[in-house]
$ cat my_file-v8.cif   # mmCIF, C-alpha atoms
data_final
#
loop_
_atom_site.label_atom_id
_atom_site.label_comp_id
_atom_site.auth_asym_id
_atom_site.auth_seq_id
_atom_site.Cartn_x
_atom_site.Cartn_y
_atom_site.Cartn_z
CA MET J 831 7.76 -3.08 -19.37
CA PRO J 832 4.06 -3.86 -19.93
CA GLY J 833 1.71 -1.77 -17.85
CA GLY J 834 4.52 0.09 -16.10
CA CYS J 835 5.74 3.65 -16.27
CA SER J 836 9.45 3.19 -16.79
CA ASP J 837 9.40 3.79 -20.55
CA SER J 838 9.13 7.53 -19.95
CA ARG J 839 12.14 7.68 -17.63
CA THR J 840 15.46 8.88 -18.98
CA ASP J 841 18.77 7.06 -18.70
CA ALA J 842 20.02 9.88 -16.46
CA ASP J 843 17.24 9.17 -13.98
CA ASP J 844 18.91 6.15 -12.40
CA ARG J 845 18.15 6.80 -8.76
CA PRO J 846 17.58 3.72 -6.58
CA LEU J 847 14.35 3.09 -4.75
CA GLN J 848 14.86 3.14 -0.98
CA ALA J 849 12.57 0.74 0.88
CA PHE J 850 11.77 1.06 4.58
CA LEU J 851 10.55 -2.25 6.04
CA LEU J 852 9.31 -1.01 9.39
CA GLY J 853 7.11 -3.73 10.88
CA THR J 854 4.24 -2.39 13.00
CA LEU J 855 3.97 1.39 12.76
CA ALA J 856 1.27 3.55 14.33
CA LEU J 857 -0.90 5.15 11.67
CA ASP J 858 -0.15 8.70 12.79
CA ALA J 859 3.59 7.93 12.71
CA ALA J 860 3.20 6.51 9.19
CA VAL J 861 1.38 9.66 8.08
CA ALA J 862 4.11 11.87 9.54
CA LEU J 863 6.87 9.83 7.88
CA GLN J 864 5.12 9.98 4.52
CA ARG J 865 4.72 13.75 4.85
CA ARG J 866 8.47 14.07 5.46
CA LEU J 867 9.39 11.79 2.55
CA VAL J 868 6.99 13.59 0.18
CA TYR J 869 8.81 16.84 0.96
CA GLU J 870 12.19 15.21 0.37
CA VAL J 871 11.18 13.55 -2.91
CA ALA J 872 9.55 16.75 -4.17
CA SER J 873 12.89 18.48 -3.49
CA GLY J 874 14.81 15.93 -5.56
CA GLY J 875 15.38 13.28 -2.91
CA THR J 876 15.42 9.52 -3.41
CA PRO J 877 12.08 7.84 -4.26
CA SER J 878 10.93 5.66 -1.38
CA VAL J 879 8.47 3.01 -0.36
CA ILE J 880 7.30 2.20 3.17
CA VAL J 881 6.23 -1.39 3.90
CA CYS J 882 4.59 -1.85 7.28
CA ASP J 883 1.43 -2.76 9.14
CA HIS J 884 -0.64 -0.81 11.65
CA PRO J 885 -2.15 -1.48 15.08
CA PRO J 886 -5.94 -2.00 15.10
CA GLY J 887 -7.82 1.12 14.08
CA ILE J 888 -9.80 2.76 11.30
CA SER J 889 -8.67 5.31 8.74
CA ILE J 890 -11.17 7.36 6.74
CA GLY J 891 -10.20 8.73 3.33
CA ARG J 892 -11.72 11.45 1.21
CA GLU J 893 -14.68 9.31 0.09
CA GLY J 894 -15.30 7.88 3.55
CA SER J 895 -18.00 8.55 6.11
CA ARG J 896 -18.48 7.89 9.81
CA GLY J 897 -21.72 6.25 8.69
CA HIS J 898 -19.68 3.36 7.26
CA ILE J 899 -18.58 2.37 10.78
CA ARG J 900 -21.15 0.29 12.66
CA PRO J 901 -19.82 0.39 16.28
CA SER J 902 -20.58 3.44 18.39
CA PRO J 903 -17.77 5.74 19.57
CA GLU J 904 -18.05 4.06 22.98
CA ALA J 905 -17.70 0.60 21.43
CA LEU J 906 -14.72 1.74 19.37
CA ALA J 907 -13.07 3.11 22.51
CA ALA J 908 -13.68 -0.20 24.30
CA ARG J 909 -12.00 -2.05 21.41
CA ARG J 910 -9.20 0.54 21.35
CA TRP J 911 -9.86 1.28 17.68
CA PRO J 912 -8.90 4.92 17.05
CA VAL J 913 -10.48 6.62 14.04
CA THR J 914 -8.11 8.75 11.92
CA TRP J 915 -9.12 10.99 9.01
CA VAL J 916 -6.47 10.92 6.27
CA SER J 917 -5.92 12.69 2.95
CA ARG J 918 -5.85 9.62 0.70
CA GLY J 919 -8.51 8.62 -1.77
CA GLY J 920 -10.94 5.85 -0.93
CA GLY J 921 -13.23 5.44 2.03
CA CYS J 922 -13.02 3.74 5.41
CA LEU J 923 -10.44 1.05 6.03
CA LEU J 924 -10.09 -1.20 9.04
CA HIS J 925 -6.44 -1.84 9.96
CA LEU J 926 -5.66 -5.13 11.71
CA PRO J 927 -2.67 -7.41 12.34
CA GLY J 928 -2.12 -9.66 9.34
CA GLN J 929 -2.26 -6.89 6.75
CA VAL J 930 0.59 -5.48 4.67
CA ALA J 931 0.65 -1.76 3.85
CA CYS J 932 2.81 -0.64 0.92
CA TYR J 933 3.14 3.14 0.56
CA PRO J 934 5.25 4.33 -2.43
CA ILE J 935 6.55 7.91 -2.26
CA LEU J 936 7.26 8.51 -5.95
CA PRO J 937 7.74 11.55 -8.25
CA LEU J 938 4.98 10.89 -10.77
CA GLN J 939 6.07 13.46 -13.34
CA ASP J 940 9.62 12.07 -13.36
CA LEU J 941 8.12 8.62 -13.97
CA GLY J 942 6.05 9.95 -16.87
CA THR J 943 2.70 9.03 -15.39
CA THR J 944 -0.51 10.65 -14.17
CA PRO J 945 -2.40 10.05 -10.91
CA GLY J 946 -5.00 7.98 -12.77
CA ARG J 947 -2.45 5.76 -14.47
CA TYR J 948 -0.53 5.51 -11.21
CA ILE J 949 -3.59 4.07 -9.44
CA ASP J 950 -4.11 1.61 -12.31
CA THR J 951 -0.49 0.48 -11.92
CA LEU J 952 -0.89 -0.05 -8.17
CA ASN J 953 -3.97 -2.15 -8.96
CA ARG J 954 -1.79 -4.28 -11.22
CA VAL J 955 0.89 -4.65 -8.54
CA ALA J 956 -1.73 -5.81 -6.03
CA ALA J 957 -3.39 -8.15 -8.55
CA GLU J 958 -0.05 -9.71 -9.49
CA THR J 959 0.66 -10.45 -5.84
CA VAL J 960 -2.77 -12.04 -5.36
CA ARG J 961 -2.26 -14.22 -8.44
CA ALA J 962 1.27 -15.14 -7.31
CA PHE J 963 -0.33 -16.90 -4.33
CA GLY J 964 -2.80 -18.79 -6.51
CA ALA J 965 -5.96 -16.74 -5.94
CA ARG J 966 -8.09 -15.58 -8.85
CA CYS J 967 -8.64 -11.84 -8.67
CA GLU J 968 -11.14 -9.99 -10.80
CA PRO J 969 -10.44 -7.17 -13.28
CA THR J 970 -10.01 -3.80 -11.57
CA THR J 971 -10.53 -1.46 -14.53
CA GLY J 972 -12.21 1.73 -13.29
CA GLU J 973 -12.05 0.73 -9.62
CA ALA J 974 -9.30 1.19 -7.06
CA GLY J 975 -8.56 -2.03 -5.22
CA VAL J 976 -8.64 -5.74 -5.98
CA ARG J 977 -11.42 -8.29 -5.43
CA VAL J 978 -11.56 -12.08 -5.21
CA ALA J 979 -14.95 -13.78 -5.64
CA GLY J 980 -16.70 -10.44 -5.25
CA ARG J 981 -14.99 -9.49 -2.00
CA ARG J 982 -12.29 -6.84 -1.73
CA ILE J 983 -8.90 -8.27 -0.77
CA ALA J 984 -6.73 -5.18 -1.27
CA HIS J 985 -7.50 -1.49 -0.76
CA VAL J 986 -5.83 1.04 -3.04
CA GLY J 987 -6.01 4.71 -2.05
CA VAL J 988 -3.47 7.44 -2.76
CA CYS J 989 -2.67 11.07 -2.12
CA VAL J 990 -0.73 13.16 -4.64
CA ARG J 991 0.86 16.44 -3.56
CA ASP J 992 3.30 18.41 -5.74
CA TRP J 993 3.16 15.42 -8.10
CA VAL J 994 4.54 13.12 -5.38
CA SER J 995 2.49 10.13 -4.26
CA SER J 996 1.80 8.82 -0.77
CA PHE J 997 -0.36 6.08 0.78
CA GLY J 998 -0.98 3.20 -1.65
CA ILE J 999 -1.88 -0.48 -1.10
CA VAL J 1000 -3.18 -2.24 2.00
CA MET J 1001 -3.59 -5.98 1.46
CA ASN J 1002 -5.33 -8.48 3.70
CA VAL J 1003 -2.98 -11.43 4.15
CA THR J 1004 -3.91 -13.26 7.38
CA PRO J 1005 -6.18 -10.94 9.42
CA ASP J 1006 -9.19 -12.06 11.44
CA LEU J 1007 -12.06 -11.40 9.00
CA GLU J 1008 -14.90 -11.22 11.52
CA PRO J 1009 -14.27 -7.55 12.50
CA PHE J 1010 -14.70 -6.47 8.86
CA ARG J 1011 -18.44 -7.02 9.27
CA ASP J 1012 -18.45 -3.88 11.43
CA VAL J 1013 -16.76 -1.56 8.90
CA ARG J 1014 -17.89 -0.96 5.33
CA CYS J 1015 -14.41 -0.68 3.85
CA ASP J 1016 -14.50 1.78 0.94
CA GLY J 1017 -18.27 1.89 1.45
CA ASP J 1018 -18.65 -1.74 0.34
CA PRO J 1019 -21.45 -3.63 2.16
CA VAL J 1020 -19.62 -6.92 1.49
CA PRO J 1021 -16.90 -7.69 4.09
CA MET J 1022 -13.29 -7.92 2.92
CA THR J 1023 -11.58 -11.26 2.38
CA SER J 1024 -7.92 -12.32 2.72
CA LEU J 1025 -5.19 -14.18 0.88
CA GLN J 1026 -5.22 -16.82 3.59
CA ARG J 1027 -8.91 -17.49 2.89
CA GLU J 1028 -8.72 -17.39 -0.90
CA SER J 1029 -5.34 -18.93 -1.70
CA PRO J 1030 -4.69 -22.66 -2.07
CA ALA J 1031 -1.04 -21.99 -1.30
CA ARG J 1032 0.62 -21.39 2.04
CA VAL J 1033 0.62 -17.64 2.63
CA ARG J 1034 3.23 -15.80 4.65
CA VAL J 1035 3.20 -12.08 5.43
CA THR J 1036 6.91 -11.87 4.63
CA GLY J 1037 6.33 -13.28 1.16
CA VAL J 1038 3.59 -10.75 0.45
CA ARG J 1039 5.82 -7.89 1.60
CA GLN J 1040 8.54 -9.04 -0.78
CA SER J 1041 6.11 -9.48 -3.67
CA LEU J 1042 4.61 -6.00 -3.28
CA LEU J 1043 8.00 -4.35 -2.94
CA GLU J 1044 9.39 -6.10 -6.01
CA GLY J 1045 6.20 -5.32 -7.94
CA VAL J 1046 6.49 -1.59 -7.21
CA ALA J 1047 10.16 -1.55 -8.20
CA ARG J 1048 9.56 -3.49 -11.41
CA ARG J 1049 6.44 -1.66 -12.54
CA PHE J 1050 8.02 1.77 -12.05
CA GLY J 1051 11.36 0.87 -13.59
CA PHE J 1052 13.68 0.89 -10.56
CA THR J 1053 16.60 -1.46 -11.14
CA ARG J 1054 18.12 -0.98 -7.67
CA VAL J 1055 16.41 -1.19 -4.30
CA SER J 1056 18.15 -0.27 -1.04
CA VAL J 1057 16.43 -1.91 1.93
CA PHE J 1058 16.31 -0.38 5.43
CA HIS J 1059 14.85 -2.07 8.51
CA HIS J 1060 14.65 1.02 10.70
CA HIS J 1061 12.99 4.40 10.58
CA PRO J 1062 15.11 6.78 8.42
CA THR J 1063 15.63 9.08 11.40
CA PHE J 1064 17.69 6.41 13.15
CA LEU J 1065 19.53 4.61 10.34
CA PRO J 1066 21.40 6.55 7.65
CA LYS J 1067 22.77 3.46 5.88
CA PRO J 1068 20.91 0.53 4.27
CA THR J 1069 20.84 -2.70 6.25
CA ARG J 1070 21.00 -4.65 3.01
CA HIS J 1071 22.83 -4.04 -0.22
CA ALA J 1072 20.77 -2.81 -3.14
CA PHE J 1073 19.17 -5.64 -5.09
CA ALA J 1074 17.65 -5.92 -8.52
CA PRO J 1075 13.96 -6.91 -8.53
CA ARG J 1076 13.29 -10.30 -10.09
CA SER J 1077 11.83 -10.18 -13.57
CA ARG J 1078 8.70 -12.11 -14.51
#

$ encode --input "my_file-v8.cif" --output "structure tokens"
Amino acid sequence: MPGGCSDSRTDADDRPLQAFLLGTLALDAAVALQRRLVYEVASGGTPSVIVCDHPPGISIGREGSRGHIRPSPEALAARRWPVTWVSRGGGCLLHLPGQVACYPILPLQDLGTTPGRYIDTLNRVAAETVRAFGARCEPTTGEAGVRVAGRRIAHVGVCVRDWVSSFGIVMNVTPDLEPFRDVRCDGDPVPMTSLQRESPARVRVTGVRQSLLEGVARRFGFTRVSVFHHHPTFLPKPTRHAFAPRSR
């Protein structure tokens, strides 16, 4: 599997990937869920991926700074944009409707990869999705995230604890781009762009969710994906039978 990490997996390691498609999820709730899943995966539980979006707000990663946010605290409060400091890599990120967040919770050692190679693989997953919708993304070697025509279209930032990943990809699909002028996402002075702006094809959020999920499964060698449409606390059984990701 070119560019993936499945070659290092053993035949005995045939666990499925469980995918939680959760719709809109508050950022603090997403952080708490990832923390729980990291603990479970580190203890031998099933690798997981969360696909969701977040209400308007700003997260700040390890390389971020309050100086990258133009509005004052009073203006942020008036817009109802909470600011949350998180443990992922990368800088500031503005969360808006029309984005897709894809957070794989994966045991990196079991997959035979390192944090650096893992980030490179997430870059490839994001780039493949951008290209699938007809946009031309630029090479991402040495940089986390994906750009189109010089503007970032997807943020990639991860946290690795006990060799288990969290956070991941946030892609702009159909968000309002004007607010990005007020936040230097990942410290970039150039505002982010979106698939809707850059793609000649019709772009649907549901299609991007599916593409990212299948890309994660394929790149990391999972042949079975069990899909859930509710928070794992409330639904112990998958709402869809396991499926095999499409090959490309």

$ closest_residue --input "my_file-v8.cif" --among "J:Val976, J:Ala1047, J:Leu1042, J:Leu1007" --to "Pro1021 in chain J" --atoms "all atoms listed in the file"
J:Leu1007

$ residues_near_point --input "my_file-v8.cif" --point "(5.4, -3.2, 11.9)" --cutoff "12 Å" --atoms "only C-alpha atoms" --output "short mmCIF file (atom, residue, chain, number, x, y, z; two decimals) with C-alpha atoms, in the frame of the given file"
data_model
loop_
_atom_site.label_atom_id
_atom_site.label_comp_id
_atom_site.auth_asym_id
_atom_site.auth_seq_id
_atom_site.Cartn_x
_atom_site.Cartn_y
_atom_site.Cartn_z
CA PHE J 850 11.77 1.06 4.58
CA LEU J 851 10.55 -2.25 6.04
CA LEU J 852 9.31 -1.01 9.39
CA GLY J 853 7.11 -3.73 10.88
CA THR J 854 4.24 -2.39 13.00
CA LEU J 855 3.97 1.39 12.76
CA ALA J 856 1.27 3.55 14.33
CA LEU J 857 -0.90 5.15 11.67
CA ALA J 859 3.59 7.93 12.71
CA ALA J 860 3.20 6.51 9.19
CA ILE J 880 7.30 2.20 3.17
CA VAL J 881 6.23 -1.39 3.90
CA CYS J 882 4.59 -1.85 7.28
CA ASP J 883 1.43 -2.76 9.14
CA HIS J 884 -0.64 -0.81 11.65
CA PRO J 885 -2.15 -1.48 15.08
CA PRO J 886 -5.94 -2.00 15.10
CA LEU J 926 -5.66 -5.13 11.71
CA PRO J 927 -2.67 -7.41 12.34
CA GLY J 928 -2.12 -9.66 9.34
CA GLN J 929 -2.26 -6.89 6.75
CA VAL J 930 0.59 -5.48 4.67
CA ALA J 931 0.65 -1.76 3.85
CA CYS J 932 2.81 -0.64 0.92
CA VAL J 1035 3.20 -12.08 5.43
CA THR J 1036 6.91 -11.87 4.63
CA ARG J 1039 5.82 -7.89 1.60
CA HIS J 1059 14.85 -2.07 8.51
CA HIS J 1060 14.65 1.02 10.70
CA HIS J 1061 12.99 4.40 10.58
#

$ residues_around --input "my_file-v8.cif" --residues "Asp1016 in chain J" --least-positions-apart "3" --cutoff "7 Å" --atoms "all atoms listed in the file" --output "number ranges by chain"
J: 894, 920-923

$ resolve_selection --input "my_file-v8.cif" --expression "the PyMOL selection byres ((chain J and resi 916) around 7)" --output "PyMOL selection string"
chain J and resi 889-891+914-915+917-918

$ residues_around --input "my_file-v8.cif" --residues "Arg1032 in chain J" --least-positions-apart "4" --cutoff "10 Å" --atoms "all atoms listed in the file" --output "PyMOL selection string"
chain J and resi 963-964+1025-1026+1037

$ write_last_selection --input "my_file-v8.cif" --atoms "C-alpha atoms" --output "short mmCIF file (atom, residue, chain, number, x, y, z; two decimals), keeping the file's coordinate frame"
data_model
loop_
_atom_site.label_atom_id
_atom_site.label_comp_id
_atom_site.auth_asym_id
_atom_site.auth_seq_id
_atom_site.Cartn_x
_atom_site.Cartn_y
_atom_site.Cartn_z
CA PHE J 963 -0.33 -16.90 -4.33
CA GLY J 964 -2.80 -18.79 -6.51
CA LEU J 1025 -5.19 -14.18 0.88
CA GLN J 1026 -5.22 -16.82 3.59
CA GLY J 1037 6.33 -13.28 1.16
#

$ atom_distance --input "my_file-v8.cif" --atom1 "CA of Pro903 in chain J" --atom2 "CA of Thr1004 in chain J"
26.5 Å

$ residues_around --input "my_file-v8.cif" --residues "Ser1024 in chain J" --least-positions-apart "2" --cutoff "8 Å" --atoms "all atoms listed in the file" --output "MDAnalysis selection string"
chainID J and resid 983 1001:1005 1007 1022 1026:1028

$ closest_residue --input "my_file-v8.cif" --among "J:Val960, J:Ala849, J:Ile935, J:Val861" --to "Trp993 in chain J" --atoms "all atoms listed in the file"
J:Ile935

$ atom_distance --input "my_file-v8.cif" --atom1 "CA of Leu938 in chain J" --atom2 "CA of Ala984 in chain J"
22.0 Å

$ atom_distance --input "my_file-v8.cif" --atom1 "CA of His985 in chain J" --atom2 "CA of Ile999 in chain J"
5.7 Å

$ resolve_selection --input "my_file-v8.cif" --expression "the PyMOL selection byres ((chain J and resi 872-874) around 10)" --output "list in words"
Leu867, Val868, Tyr869, Glu870, Val871, Gly875, Thr876, Pro877, Ile935, Leu936, Pro937, Leu938, Arg991, Asp992, Trp993, Val994 and Ser995 of chain J

$ resolve_selection --input "my_file-v8.cif" --expression "the PyMOL selection byres ((chain J and resi 898) around 12)" --output "PyMOL selection string"
chain J and resi 888-891+893-897+899-902+913+921-924+1010-1021

$ residues_around --input "my_file-v8.cif" --residues "Ala974 in chain J" --least-positions-apart "5" --cutoff "8 Å" --atoms "only C-alpha atoms" --output "number ranges by chain"
J: 920, 949-950, 953, 985-987

$ closest_residue --input "my_file-v8.cif" --among "J:Gln1040, J:Gln939, J:Gln848, J:Thr1023" --to "Arg977 in chain J" --atoms "all atoms listed in the file"
J:Thr1023

$ closest_residue --input "my_file-v8.cif" --among "J:Glu968, J:Asp844, J:Glu958, J:Asp1006" --to "Asp940 in chain J" --atoms "only C-alpha atoms"
J:Asp844

$ closest_residue --input "my_file-v8.cif" --among "J:Thr944, J:Ala907, J:Arg1034, J:Tyr933" --to "Leu863 in chain J" --atoms "all atoms listed in the file"
J:Tyr933

$ build_atoms --input "my_file-v8.cif" --residues "range 849-873 of chain J" --atoms "N, CA and C atoms" --output "tab-separated table (two decimals), in the coordinates of the input"
chain	number	residue	atom	x	y	z
J	849	ALA	N	13.71	1.42	0.27
J	849	ALA	CA	12.57	0.74	0.88
J	849	ALA	C	12.76	0.66	2.38
J	850	PHE	N	11.75	1.11	3.13
J	850	PHE	CA	11.77	1.06	4.58
J	850	PHE	C	10.81	-0.03	5.04
J	851	LEU	N	11.35	-1.16	5.51
J	851	LEU	CA	10.55	-2.25	6.04
J	851	LEU	C	10.48	-2.08	7.55
J	852	LEU	N	9.36	-1.55	8.02
J	852	LEU	CA	9.31	-1.01	9.39
J	852	LEU	C	8.47	-1.82	10.36
J	853	GLY	N	7.91	-2.95	9.95
J	853	GLY	CA	7.11	-3.73	10.88
J	853	GLY	C	5.85	-2.97	11.27
J	854	THR	N	5.45	-3.07	12.54
J	854	THR	CA	4.24	-2.39	13.00
J	854	THR	C	4.53	-0.93	13.27
J	855	LEU	N	3.76	-0.06	12.65
J	855	LEU	CA	3.97	1.39	12.76
J	855	LEU	C	2.62	2.05	12.99
J	856	ALA	N	2.52	2.84	14.06
J	856	ALA	CA	1.27	3.55	14.33
J	856	ALA	C	0.87	4.38	13.12
J	857	LEU	N	-0.43	4.46	12.87
J	857	LEU	CA	-0.90	5.15	11.67
J	857	LEU	C	-0.47	6.61	11.65
J	858	ASP	N	-0.55	7.30	12.79
J	858	ASP	CA	-0.15	8.70	12.79
J	858	ASP	C	1.34	8.86	12.52
J	859	ALA	N	2.15	7.89	13.00
J	859	ALA	CA	3.59	7.93	12.71
J	859	ALA	C	3.85	7.67	11.23
J	860	ALA	N	3.06	6.79	10.62
J	860	ALA	CA	3.20	6.51	9.19
J	860	ALA	C	2.83	7.73	8.37
J	861	VAL	N	1.79	8.44	8.78
J	861	VAL	CA	1.38	9.66	8.08
J	861	VAL	C	2.47	10.71	8.16
J	862	ALA	N	3.05	10.88	9.36
J	862	ALA	CA	4.11	11.87	9.54
J	862	ALA	C	5.34	11.52	8.71
J	863	LEU	N	5.71	10.24	8.67
J	863	LEU	CA	6.87	9.83	7.88
J	863	LEU	C	6.62	10.06	6.39
J	864	GLN	N	5.43	9.74	5.93
J	864	GLN	CA	5.12	9.98	4.52
J	864	GLN	C	5.18	11.47	4.19
J	865	ARG	N	4.68	12.31	5.09
J	865	ARG	CA	4.72	13.75	4.85
J	865	ARG	C	6.17	14.22	4.69
J	866	ARG	N	7.06	13.71	5.54
J	866	ARG	CA	8.47	14.07	5.46
J	866	ARG	C	9.09	13.59	4.15
J	867	LEU	N	8.81	12.34	3.77
J	867	LEU	CA	9.39	11.79	2.55
J	867	LEU	C	8.85	12.46	1.30
J	868	VAL	N	7.56	12.85	1.32
J	868	VAL	CA	6.99	13.59	0.18
J	868	VAL	C	7.77	14.89	-0.02
J	869	TYR	N	8.04	15.59	1.06
J	869	TYR	CA	8.81	16.84	0.96
J	869	TYR	C	10.19	16.57	0.38
J	870	GLU	N	10.85	15.51	0.85
J	870	GLU	CA	12.19	15.21	0.37
J	870	GLU	C	12.19	14.82	-1.11
J	871	VAL	N	11.24	13.98	-1.51
J	871	VAL	CA	11.18	13.55	-2.91
J	871	VAL	C	10.82	14.72	-3.81
J	872	ALA	N	9.91	15.58	-3.37
J	872	ALA	CA	9.55	16.75	-4.17
J	872	ALA	C	10.74	17.70	-4.35
J	873	SER	N	11.69	17.64	-3.41
J	873	SER	CA	12.89	18.48	-3.49
J	873	SER	C	14.05	17.78	-4.19
